[in-house]
$ cat my_file.pdb   # PDB, C-alpha atoms
MODEL        1
ATOM      1  CA  MET W  73      -1.863-182.343 129.721  1.00  0.00           C
ATOM      2  CA  PRO W  74       1.198-180.086 129.777  1.00  0.00           C
ATOM      3  CA  ALA W  75       3.453-180.409 132.831  1.00  0.00           C
ATOM      4  CA  ASP W  76       2.880-176.780 133.871  1.00  0.00           C
ATOM      5  CA  ARG W  77      -0.916-177.389 134.002  1.00  0.00           C
ATOM      6  CA  MET W  78      -0.814-180.547 136.140  1.00  0.00           C
ATOM      7  CA  MET W  79      -1.874-180.403 139.774  1.00  0.00           C
ATOM      8  CA  PRO W  80       0.992-181.072 142.181  1.00  0.00           C
ATOM      9  CA  ALA W  81       0.699-184.445 143.930  1.00  0.00           C
ATOM     10  CA  HIS W  82       0.326-182.951 147.429  1.00  0.00           C
ATOM     11  CA  LEU W  83      -2.625-180.790 146.289  1.00  0.00           C
ATOM     12  CA  ALA W  84      -4.323-183.771 144.692  1.00  0.00           C
ATOM     13  CA  ALA W  85      -3.835-185.810 147.876  1.00  0.00           C
ATOM     14  CA  SER W  86      -5.224-182.935 149.989  1.00  0.00           C
ATOM     15  CA  PHE W  87      -8.259-182.684 147.725  1.00  0.00           C
ATOM     16  CA  VAL W  88      -8.953-186.436 147.965  1.00  0.00           C
ATOM     17  CA  LEU W  89      -8.520-186.424 151.752  1.00  0.00           C
ATOM     18  CA  THR W  90     -10.832-183.416 152.164  1.00  0.00           C
ATOM     19  CA  ALA W  91     -13.492-185.046 149.980  1.00  0.00           C
ATOM     20  CA  TYR W  92     -13.221-188.277 151.989  1.00  0.00           C
ATOM     21  CA  VAL W  93     -13.587-186.465 155.333  1.00  0.00           C
ATOM     22  CA  LEU W  94     -16.626-184.503 154.106  1.00  0.00           C
ATOM     23  CA  LEU W  95     -18.288-187.679 152.834  1.00  0.00           C
ATOM     24  CA  ALA W  96     -17.604-189.446 156.143  1.00  0.00           C
ATOM     25  CA  ILE W  97     -19.164-186.572 158.103  1.00  0.00           C
ATOM     26  CA  ALA W  98     -22.208-186.493 155.815  1.00  0.00           C
ATOM     27  CA  TYR W  99     -22.682-190.262 156.147  1.00  0.00           C
ATOM     28  CA  ALA W 100     -22.360-190.169 159.933  1.00  0.00           C
ATOM     29  CA  THR W 101     -24.903-187.351 160.136  1.00  0.00           C
ATOM     30  CA  LEU W 102     -27.429-189.087 157.892  1.00  0.00           C
ATOM     31  CA  ALA W 103     -26.925-192.558 159.367  1.00  0.00           C
ATOM     32  CA  ALA W 104     -27.188-191.467 163.011  1.00  0.00           C
ATOM     33  CA  PRO W 105     -30.463-192.560 164.630  1.00  0.00           C
ATOM     34  CA  LYS W 106     -32.992-189.912 165.599  1.00  0.00           C
ATOM     35  CA  PRO W 107     -32.992-189.241 169.357  1.00  0.00           C
ATOM     36  CA  ILE W 108     -36.728-190.047 169.470  1.00  0.00           C
ATOM     37  CA  ALA W 109     -39.218-191.528 166.995  1.00  0.00           C
ATOM     38  CA  LEU W 110     -43.005-191.633 167.485  1.00  0.00           C
ATOM     39  CA  GLN W 111     -45.460-194.036 165.867  1.00  0.00           C
ATOM     40  CA  VAL W 112     -49.224-193.819 166.457  1.00  0.00           C
ATOM     41  CA  ARG W 113     -51.586-196.456 165.043  1.00  0.00           C
ATOM     42  CA  PRO W 114     -54.156-196.053 163.624  1.00  0.00           C
ATOM     43  CA  GLN W 115     -53.731-192.557 162.256  1.00  0.00           C
ATOM     44  CA  ILE W 116     -57.382-192.498 161.106  1.00  0.00           C
ATOM     45  CA  SER W 117     -60.137-194.230 163.089  1.00  0.00           C
ATOM     46  CA  PHE W 118     -63.707-193.946 164.367  1.00  0.00           C
ATOM     47  CA  ALA W 119     -64.693-192.836 167.867  1.00  0.00           C
ATOM     48  CA  PRO W 120     -64.253-194.090 170.447  1.00  0.00           C
ATOM     49  CA  SER W 121     -60.774-195.035 169.320  1.00  0.00           C
ATOM     50  CA  THR W 122     -57.843-196.895 170.808  1.00  0.00           C
ATOM     51  CA  TRP W 123     -54.309-195.900 169.831  1.00  0.00           C
ATOM     52  CA  GLN W 124     -51.238-198.083 170.011  1.00  0.00           C
ATOM     53  CA  ILE W 125     -48.313-195.768 170.640  1.00  0.00           C
ATOM     54  CA  HIS W 126     -44.668-196.712 170.211  1.00  0.00           C
ATOM     55  CA  VAL W 127     -41.804-194.400 171.126  1.00  0.00           C
ATOM     56  CA  ARG W 128     -38.254-195.423 170.230  1.00  0.00           C
ATOM     57  CA  VAL W 129     -35.539-193.487 172.077  1.00  0.00           C
ATOM     58  CA  HIS W 130     -31.777-193.178 171.771  1.00  0.00           C
ATOM     59  CA  PRO W 131     -30.949-191.441 175.043  1.00  0.00           C
ATOM     60  CA  ILE W 132     -27.700-189.755 175.952  1.00  0.00           C
ATOM     61  CA  ALA W 133     -26.288-189.662 179.474  1.00  0.00           C
ATOM     62  CA  SER W 134     -28.020-186.398 180.416  1.00  0.00           C
ATOM     63  CA  ASP W 135     -31.531-187.498 179.359  1.00  0.00           C
ATOM     64  CA  ARG W 136     -33.809-188.132 182.325  1.00  0.00           C
ATOM     65  CA  TRP W 137     -37.370-188.362 180.937  1.00  0.00           C
ATOM     66  CA  VAL W 138     -39.576-189.384 178.019  1.00  0.00           C
ATOM     67  CA  SER W 139     -42.983-187.783 177.551  1.00  0.00           C
ATOM     68  CA  VAL W 140     -45.910-188.329 175.175  1.00  0.00           C
ATOM     69  CA  SER W 141     -48.845-185.933 175.025  1.00  0.00           C
ATOM     70  CA  ALA W 142     -51.960-185.618 172.867  1.00  0.00           C
ATOM     71  CA  ASP W 143     -54.091-182.519 172.523  1.00  0.00           C
ATOM     72  CA  GLY W 144     -57.420-182.277 170.742  1.00  0.00           C
ATOM     73  CA  PRO W 145     -60.667-180.332 170.927  1.00  0.00           C
ATOM     74  CA  ASP W 146     -62.268-182.286 173.811  1.00  0.00           C
ATOM     75  CA  PHE W 147     -59.499-184.551 174.997  1.00  0.00           C
ATOM     76  CA  SER W 148     -55.927-184.370 176.210  1.00  0.00           C
ATOM     77  CA  ARG W 149     -53.671-186.933 177.775  1.00  0.00           C
ATOM     78  CA  ARG W 150     -50.044-187.182 178.830  1.00  0.00           C
ATOM     79  CA  SER W 151     -47.763-190.034 179.877  1.00  0.00           C
ATOM     80  CA  ASP W 152     -44.276-189.597 181.353  1.00  0.00           C
ATOM     81  CA  TRP W 153     -41.445-192.007 182.164  1.00  0.00           C
ATOM     82  CA  THR W 154     -38.064-191.794 183.802  1.00  0.00           C
ATOM     83  CA  ILE W 155     -35.394-192.941 181.358  1.00  0.00           C
ATOM     84  CA  ASP W 156     -34.277-196.532 181.772  1.00  0.00           C
ATOM     85  CA  PRO W 157     -30.825-196.682 180.121  1.00  0.00           C
ATOM     86  CA  ASP W 158     -31.435-200.284 178.993  1.00  0.00           C
ATOM     87  CA  ARG W 159     -34.810-199.537 177.410  1.00  0.00           C
ATOM     88  CA  THR W 160     -35.160-198.127 173.896  1.00  0.00           C
ATOM     89  CA  LEU W 161     -38.858-198.816 173.203  1.00  0.00           C
ATOM     90  CA  TYR W 162     -41.832-197.509 175.170  1.00  0.00           C
ATOM     91  CA  SER W 163     -45.151-199.003 173.973  1.00  0.00           C
ATOM     92  CA  PHE W 164     -48.614-198.433 175.415  1.00  0.00           C
ATOM     93  CA  GLU W 165     -52.296-197.859 174.552  1.00  0.00           C
ATOM     94  CA  TRP W 166     -54.631-194.956 175.049  1.00  0.00           C
ATOM     95  CA  THR W 167     -58.321-195.882 174.935  1.00  0.00           C
ATOM     96  CA  SER W 168     -61.723-194.181 174.623  1.00  0.00           C
ATOM     97  CA  ILE W 169     -60.433-191.340 172.463  1.00  0.00           C
ATOM     98  CA  PRO W 170     -63.326-189.153 171.243  1.00  0.00           C
ATOM     99  CA  ALA W 171     -63.732-187.628 167.780  1.00  0.00           C
ATOM    100  CA  GLY W 172     -61.253-184.920 166.837  1.00  0.00           C
ATOM    101  CA  THR W 173     -57.947-184.153 165.198  1.00  0.00           C
ATOM    102  CA  TYR W 174     -55.035-184.690 167.549  1.00  0.00           C
ATOM    103  CA  ASP W 175     -51.451-183.489 167.642  1.00  0.00           C
ATOM    104  CA  ILE W 176     -49.362-186.107 169.435  1.00  0.00           C
ATOM    105  CA  VAL W 177     -45.875-185.145 170.631  1.00  0.00           C
ATOM    106  CA  ALA W 178     -43.144-187.377 172.037  1.00  0.00           C
ATOM    107  CA  ALA W 179     -40.187-185.661 173.717  1.00  0.00           C
ATOM    108  CA  ILE W 180     -36.963-186.608 175.468  1.00  0.00           C
ATOM    109  CA  GLY W 181     -34.825-184.448 177.745  1.00  0.00           C
ATOM    110  CA  HIS W 182     -33.676-183.522 181.240  1.00  0.00           C
ATOM    111  CA  GLN W 183     -35.079-181.121 183.854  1.00  0.00           C
ATOM    112  CA  ASP W 184     -37.058-178.492 181.889  1.00  0.00           C
ATOM    113  CA  VAL W 185     -34.978-178.926 178.712  1.00  0.00           C
ATOM    114  CA  THR W 186     -36.422-180.815 175.743  1.00  0.00           C
ATOM    115  CA  ARG W 187     -33.505-182.232 173.745  1.00  0.00           C
ATOM    116  CA  ALA W 188     -35.564-183.675 170.897  1.00  0.00           C
ATOM    117  CA  SER W 189     -39.159-184.332 169.908  1.00  0.00           C
ATOM    118  CA  ASP W 190     -41.204-186.048 167.227  1.00  0.00           C
ATOM    119  CA  ARG W 191     -44.794-185.368 166.158  1.00  0.00           C
ATOM    120  CA  ALA W 192     -47.710-187.241 164.650  1.00  0.00           C
ATOM    121  CA  THR W 193     -51.263-186.318 163.758  1.00  0.00           C
ATOM    122  CA  ALA W 194     -54.235-188.622 164.258  1.00  0.00           C
ATOM    123  CA  LEU W 195     -57.837-188.182 163.123  1.00  0.00           C
ATOM    124  CA  VAL W 196     -60.670-189.797 165.070  1.00  0.00           C
ATOM    125  CA  GLN W 197     -63.973-189.438 163.218  1.00  0.00           C
ATOM    126  CA  GLY W 198     -67.335-189.490 164.895  1.00  0.00           C
ATOM    127  CA  TRP W 199     -70.131-191.581 163.418  1.00  0.00           C
ATOM    128  CA  GLY W 200     -72.101-189.572 160.854  1.00  0.00           C
ATOM    129  CA  GLN W 201     -69.334-187.008 160.336  1.00  0.00           C
TER     130      GLN W 201
ENDMDL
END
$ encode --input "my_file.pdb" --output "structure tokens"
Amino acid sequence: MPADRMMPAHLAASFVLTAYVLLAIAYATLAAPKPIALQVRPQISFAPSTWQIHVRVHPIASDRWVSVSADGPDFSRRSDWTIDPDRTLYSFEWTSIPAGTYDIVAAIGHQDVTRASDRATALVQGWGQ
């Protein structure tokens, strides 16, 4: 390559540094854990059903509560906890869930502010449906 067409060394170094910083930011963003993750098992069952619910949280200092709610055609339930800074997993069961399609939402936040949430859908079939 002719000398007048070569990139000066300081521009090449700036380009490499910029690329490195952008890759580091992208990796940190993708590798960071979600603030809250919801798992409901089973996702499909027969009535009356029992769900095992697991909520994994990564709270920040301002988070004060964790909440899980389920809403369906003939059933709704909600469970709330005060954040324990040493606890990252909240596991529990809901029983006697009737037939229906349910939207289950787990949320984390403080006061009336929801910082993050995760959703799952569960189908409970009635016999003969």
$ residues_near_point --input "my_file.pdb" --point "(-61.8, -195.5, 159.7)" --cutoff "10 Å" --atoms "all atoms listed in the file" --output "ChimeraX atom specification"
/W:114-119,121,195-199
$ residues_around --input "my_file.pdb" --residues "W:Val138" --least-positions-apart "3" --cutoff "12 Å" --atoms "only C-alpha atoms" --output "VMD selection string"
chain W and resid 107 to 110 126 to 131 135 141 150 to 157 159 to 163 177 to 190
$ write_last_selection --input "my_file.pdb" --atoms "C-alpha atoms" --output "PDB file, in the coordinates of the input"
ATOM      1  CA  PRO W 107     -32.992-189.241 169.357  1.00  0.00           C
ATOM      2  CA  ILE W 108     -36.728-190.047 169.470  1.00  0.00           C
ATOM      3  CA  ALA W 109     -39.218-191.528 166.995  1.00  0.00           C
ATOM      4  CA  LEU W 110     -43.005-191.633 167.485  1.00  0.00           C
ATOM      5  CA  HIS W 126     -44.668-196.712 170.211  1.00  0.00           C
ATOM      6  CA  VAL W 127     -41.804-194.400 171.126  1.00  0.00           C
ATOM      7  CA  ARG W 128     -38.254-195.423 170.230  1.00  0.00           C
ATOM      8  CA  VAL W 129     -35.539-193.487 172.077  1.00  0.00           C
ATOM      9  CA  HIS W 130     -31.777-193.178 171.771  1.00  0.00           C
ATOM     10  CA  PRO W 131     -30.949-191.441 175.043  1.00  0.00           C
ATOM     11  CA  ASP W 135     -31.531-187.498 179.359  1.00  0.00           C
ATOM     12  CA  SER W 141     -48.845-185.933 175.025  1.00  0.00           C
ATOM     13  CA  ARG W 150     -50.044-187.182 178.830  1.00  0.00           C
ATOM     14  CA  SER W 151     -47.763-190.034 179.877  1.00  0.00           C
ATOM     15  CA  ASP W 152     -44.276-189.597 181.353  1.00  0.00           C
ATOM     16  CA  TRP W 153     -41.445-192.007 182.164  1.00  0.00           C
ATOM     17  CA  THR W 154     -38.064-191.794 183.802  1.00  0.00           C
ATOM     18  CA  ILE W 155     -35.394-192.941 181.358  1.00  0.00           C
ATOM     19  CA  ASP W 156     -34.277-196.532 181.772  1.00  0.00           C
ATOM     20  CA  PRO W 157     -30.825-196.682 180.121  1.00  0.00           C
ATOM     21  CA  ARG W 159     -34.810-199.537 177.410  1.00  0.00           C
ATOM     22  CA  THR W 160     -35.160-198.127 173.896  1.00  0.00           C
ATOM     23  CA  LEU W 161     -38.858-198.816 173.203  1.00  0.00           C
ATOM     24  CA  TYR W 162     -41.832-197.509 175.170  1.00  0.00           C
ATOM     25  CA  SER W 163     -45.151-199.003 173.973  1.00  0.00           C
ATOM     26  CA  VAL W 177     -45.875-185.145 170.631  1.00  0.00           C
ATOM     27  CA  ALA W 178     -43.144-187.377 172.037  1.00  0.00           C
ATOM     28  CA  ALA W 179     -40.187-185.661 173.717  1.00  0.00           C
ATOM     29  CA  ILE W 180     -36.963-186.608 175.468  1.00  0.00           C
ATOM     30  CA  GLY W 181     -34.825-184.448 177.745  1.00  0.00           C
ATOM     31  CA  HIS W 182     -33.676-183.522 181.240  1.00  0.00           C
ATOM     32  CA  GLN W 183     -35.079-181.121 183.854  1.00  0.00           C
ATOM     33  CA  ASP W 184     -37.058-178.492 181.889  1.00  0.00           C
ATOM     34  CA  VAL W 185     -34.978-178.926 178.712  1.00  0.00           C
ATOM     35  CA  THR W 186     -36.422-180.815 175.743  1.00  0.00           C
ATOM     36  CA  ARG W 187     -33.505-182.232 173.745  1.00  0.00           C
ATOM     37  CA  ALA W 188     -35.564-183.675 170.897  1.00  0.00           C
ATOM     38  CA  SER W 189     -39.159-184.332 169.908  1.00  0.00           C
ATOM     39  CA  ASP W 190     -41.204-186.048 167.227  1.00  0.00           C
TER      40      ASP W 190
END
$ atom_distance --input "my_file.pdb" --atom1 "atom CA of W:Asp158" --atom2 "atom CA of W:Gln124"
21.9 Å
$ atom_distance --input "my_file.pdb" --atom1 "atom CA of W:Ala171" --atom2 "atom CA of W:Pro120"
7.0 Å
$ atom_distance --input "my_file.pdb" --atom1 "atom CA of W:Gln111" --atom2 "atom CA of W:Ala133"
23.9 Å
$ decode --input "my_file.pdb" --residues "stretch 126-141 of chain W" --atoms "all heavy atoms" --output "mmCIF file, in the first residue's frame"
data_model
loop_
_atom_site.group_PDB
_atom_site.id
_atom_site.type_symbol
_atom_site.label_atom_id
_atom_site.label_comp_id
_atom_site.auth_asym_id
_atom_site.auth_seq_id
_atom_site.Cartn_x
_atom_site.Cartn_y
_atom_site.Cartn_z
ATOM 1 N N HIS W 126 -40.784 -20.710 40.919
ATOM 2 C CA HIS W 126 -39.456 -20.301 41.343
ATOM 3 C C HIS W 126 -39.179 -18.911 40.771
ATOM 4 O O HIS W 126 -39.347 -18.699 39.570
ATOM 5 C CB HIS W 126 -38.392 -21.276 40.842
ATOM 6 C CG HIS W 126 -38.672 -22.695 41.222
ATOM 7 N ND1 HIS W 126 -38.440 -23.172 42.486
ATOM 8 C CD2 HIS W 126 -39.201 -23.716 40.512
ATOM 9 C CE1 HIS W 126 -38.793 -24.444 42.534
ATOM 10 N NE2 HIS W 126 -39.260 -24.794 41.348
ATOM 11 N N VAL W 127 -38.772 -18.007 41.633
ATOM 12 C CA VAL W 127 -38.456 -16.644 41.220
ATOM 13 C C VAL W 127 -37.025 -16.350 41.655
ATOM 14 O O VAL W 127 -36.717 -16.373 42.849
ATOM 15 C CB VAL W 127 -39.423 -15.614 41.855
ATOM 16 C CG1 VAL W 127 -39.079 -14.214 41.396
ATOM 17 C CG2 VAL W 127 -40.863 -15.965 41.527
ATOM 18 N N ARG W 128 -36.166 -16.104 40.690
ATOM 19 C CA ARG W 128 -34.769 -15.752 40.980
ATOM 20 C C ARG W 128 -34.639 -14.233 40.830
ATOM 21 O O ARG W 128 -35.058 -13.669 39.834
ATOM 22 C CB ARG W 128 -33.818 -16.457 40.025
ATOM 23 C CG ARG W 128 -32.367 -16.205 40.396
ATOM 24 C CD ARG W 128 -31.421 -17.188 39.758
ATOM 25 N NE ARG W 128 -31.700 -18.583 40.049
ATOM 26 C CZ ARG W 128 -31.333 -19.224 41.165
ATOM 27 N NH1 ARG W 128 -30.689 -18.570 42.115
ATOM 28 N NH2 ARG W 128 -31.602 -20.493 41.335
ATOM 29 N N VAL W 129 -34.082 -13.592 41.862
ATOM 30 C CA VAL W 129 -33.961 -12.131 41.855
ATOM 31 C C VAL W 129 -32.505 -11.712 41.995
ATOM 32 O O VAL W 129 -31.693 -12.415 42.599
ATOM 33 C CB VAL W 129 -34.804 -11.472 42.974
ATOM 34 C CG1 VAL W 129 -36.276 -11.750 42.776
ATOM 35 C CG2 VAL W 129 -34.363 -11.926 44.344
ATOM 36 N N HIS W 130 -32.199 -10.581 41.407
ATOM 37 C CA HIS W 130 -30.906 -9.911 41.557
ATOM 38 C C HIS W 130 -31.221 -8.482 41.977
ATOM 39 O O HIS W 130 -31.247 -7.575 41.153
ATOM 40 C CB HIS W 130 -30.117 -9.957 40.243
ATOM 41 C CG HIS W 130 -29.778 -11.349 39.839
ATOM 42 N ND1 HIS W 130 -28.717 -12.031 40.372
ATOM 43 C CD2 HIS W 130 -30.385 -12.202 38.987
ATOM 44 C CE1 HIS W 130 -28.678 -13.241 39.857
ATOM 45 N NE2 HIS W 130 -29.673 -13.372 39.016
ATOM 46 N N PRO W 131 -31.515 -8.299 43.277
ATOM 47 C CA PRO W 131 -31.952 -6.985 43.738
ATOM 48 C C PRO W 131 -30.820 -5.967 43.772
ATOM 49 O O PRO W 131 -29.651 -6.314 43.868
ATOM 50 C CB PRO W 131 -32.476 -7.261 45.149
ATOM 51 C CG PRO W 131 -31.742 -8.469 45.596
ATOM 52 C CD PRO W 131 -31.477 -9.277 44.349
ATOM 53 N N ILE W 132 -31.234 -4.701 43.668
ATOM 54 C CA ILE W 132 -30.325 -3.587 43.901
ATOM 55 C C ILE W 132 -30.720 -2.967 45.238
ATOM 56 O O ILE W 132 -31.742 -3.343 45.823
ATOM 57 C CB ILE W 132 -30.357 -2.563 42.744
ATOM 58 C CG1 ILE W 132 -31.768 -1.990 42.553
ATOM 59 C CG2 ILE W 132 -29.839 -3.186 41.455
ATOM 60 C CD1 ILE W 132 -31.857 -0.873 41.524
ATOM 61 N N ALA W 133 -29.947 -2.042 45.709
ATOM 62 C CA ALA W 133 -30.151 -1.483 47.056
ATOM 63 C C ALA W 133 -31.538 -0.891 47.260
ATOM 64 O O ALA W 133 -32.096 -0.976 48.354
ATOM 65 C CB ALA W 133 -29.085 -0.439 47.353
ATOM 66 N N SER W 134 -32.135 -0.318 46.220
ATOM 67 C CA SER W 134 -33.436 0.337 46.394
ATOM 68 C C SER W 134 -34.618 -0.626 46.341
ATOM 69 O O SER W 134 -35.734 -0.251 46.705
ATOM 70 C CB SER W 134 -33.616 1.435 45.341
ATOM 71 O OG SER W 134 -33.619 0.874 44.042
ATOM 72 N N ASP W 135 -34.417 -1.866 45.904
ATOM 73 C CA ASP W 135 -35.527 -2.820 45.832
ATOM 74 C C ASP W 135 -35.999 -3.183 47.230
ATOM 75 O O ASP W 135 -35.204 -3.422 48.135
ATOM 76 C CB ASP W 135 -35.097 -4.093 45.091
ATOM 77 C CG ASP W 135 -34.908 -3.859 43.604
ATOM 78 O OD1 ASP W 135 -35.555 -2.945 43.051
ATOM 79 O OD2 ASP W 135 -34.119 -4.596 42.983
ATOM 80 N N ARG W 136 -37.324 -3.224 47.395
ATOM 81 C CA ARG W 136 -37.910 -3.516 48.700
ATOM 82 C C ARG W 136 -38.857 -4.709 48.669
ATOM 83 O O ARG W 136 -39.167 -5.269 49.703
ATOM 84 C CB ARG W 136 -38.670 -2.292 49.240
ATOM 85 C CG ARG W 136 -37.782 -1.096 49.498
ATOM 86 C CD ARG W 136 -36.880 -1.379 50.693
ATOM 87 N NE ARG W 136 -36.027 -0.253 50.985
ATOM 88 C CZ ARG W 136 -34.740 -0.189 50.703
ATOM 89 N NH1 ARG W 136 -34.142 -1.182 50.098
ATOM 90 N NH2 ARG W 136 -34.028 0.865 51.005
ATOM 91 N N TRP W 137 -39.388 -5.095 47.503
ATOM 92 C CA TRP W 137 -40.377 -6.164 47.452
ATOM 93 C C TRP W 137 -40.252 -7.027 46.197
ATOM 94 O O TRP W 137 -39.693 -6.613 45.200
ATOM 95 C CB TRP W 137 -41.799 -5.611 47.550
ATOM 96 C CG TRP W 137 -42.129 -4.524 46.567
ATOM 97 C CD1 TRP W 137 -42.131 -3.182 46.815
ATOM 98 C CD2 TRP W 137 -42.496 -4.666 45.189
ATOM 99 N NE1 TRP W 137 -42.459 -2.491 45.675
ATOM 100 C CE2 TRP W 137 -42.706 -3.374 44.664
ATOM 101 C CE3 TRP W 137 -42.678 -5.747 44.342
ATOM 102 C CZ2 TRP W 137 -43.079 -3.153 43.347
ATOM 103 C CZ3 TRP W 137 -43.043 -5.529 43.015
ATOM 104 C CH2 TRP W 137 -43.247 -4.240 42.542
ATOM 105 N N VAL W 138 -40.769 -8.249 46.334
ATOM 106 C CA VAL W 138 -40.920 -9.194 45.228
ATOM 107 C C VAL W 138 -42.383 -9.613 45.260
ATOM 108 O O VAL W 138 -42.947 -9.854 46.330
ATOM 109 C CB VAL W 138 -40.027 -10.443 45.412
ATOM 110 C CG1 VAL W 138 -40.297 -11.459 44.318
ATOM 111 C CG2 VAL W 138 -38.576 -10.066 45.442
ATOM 112 N N SER W 139 -42.995 -9.706 44.084
ATOM 113 C CA SER W 139 -44.402 -10.056 43.994
ATOM 114 C C SER W 139 -44.618 -11.049 42.857
ATOM 115 O O SER W 139 -43.980 -10.937 41.809
ATOM 116 C CB SER W 139 -45.218 -8.786 43.731
ATOM 117 O OG SER W 139 -46.554 -9.109 43.462
ATOM 118 N N VAL W 140 -45.505 -12.014 43.075
ATOM 119 C CA VAL W 140 -45.922 -12.939 42.022
ATOM 120 C C VAL W 140 -47.444 -12.965 42.018
ATOM 121 O O VAL W 140 -48.074 -13.121 43.075
ATOM 122 C CB VAL W 140 -45.373 -14.366 42.244
ATOM 123 C CG1 VAL W 140 -45.872 -15.303 41.154
ATOM 124 C CG2 VAL W 140 -43.860 -14.361 42.288
ATOM 125 N N SER W 141 -48.028 -12.791 40.835
ATOM 126 C CA SER W 141 -49.486 -12.828 40.733
ATOM 127 C C SER W 141 -49.896 -13.675 39.530
ATOM 128 O O SER W 141 -49.174 -13.768 38.549
ATOM 129 C CB SER W 141 -50.062 -11.418 40.601
ATOM 130 O OG SER W 141 -49.576 -10.796 39.432
#
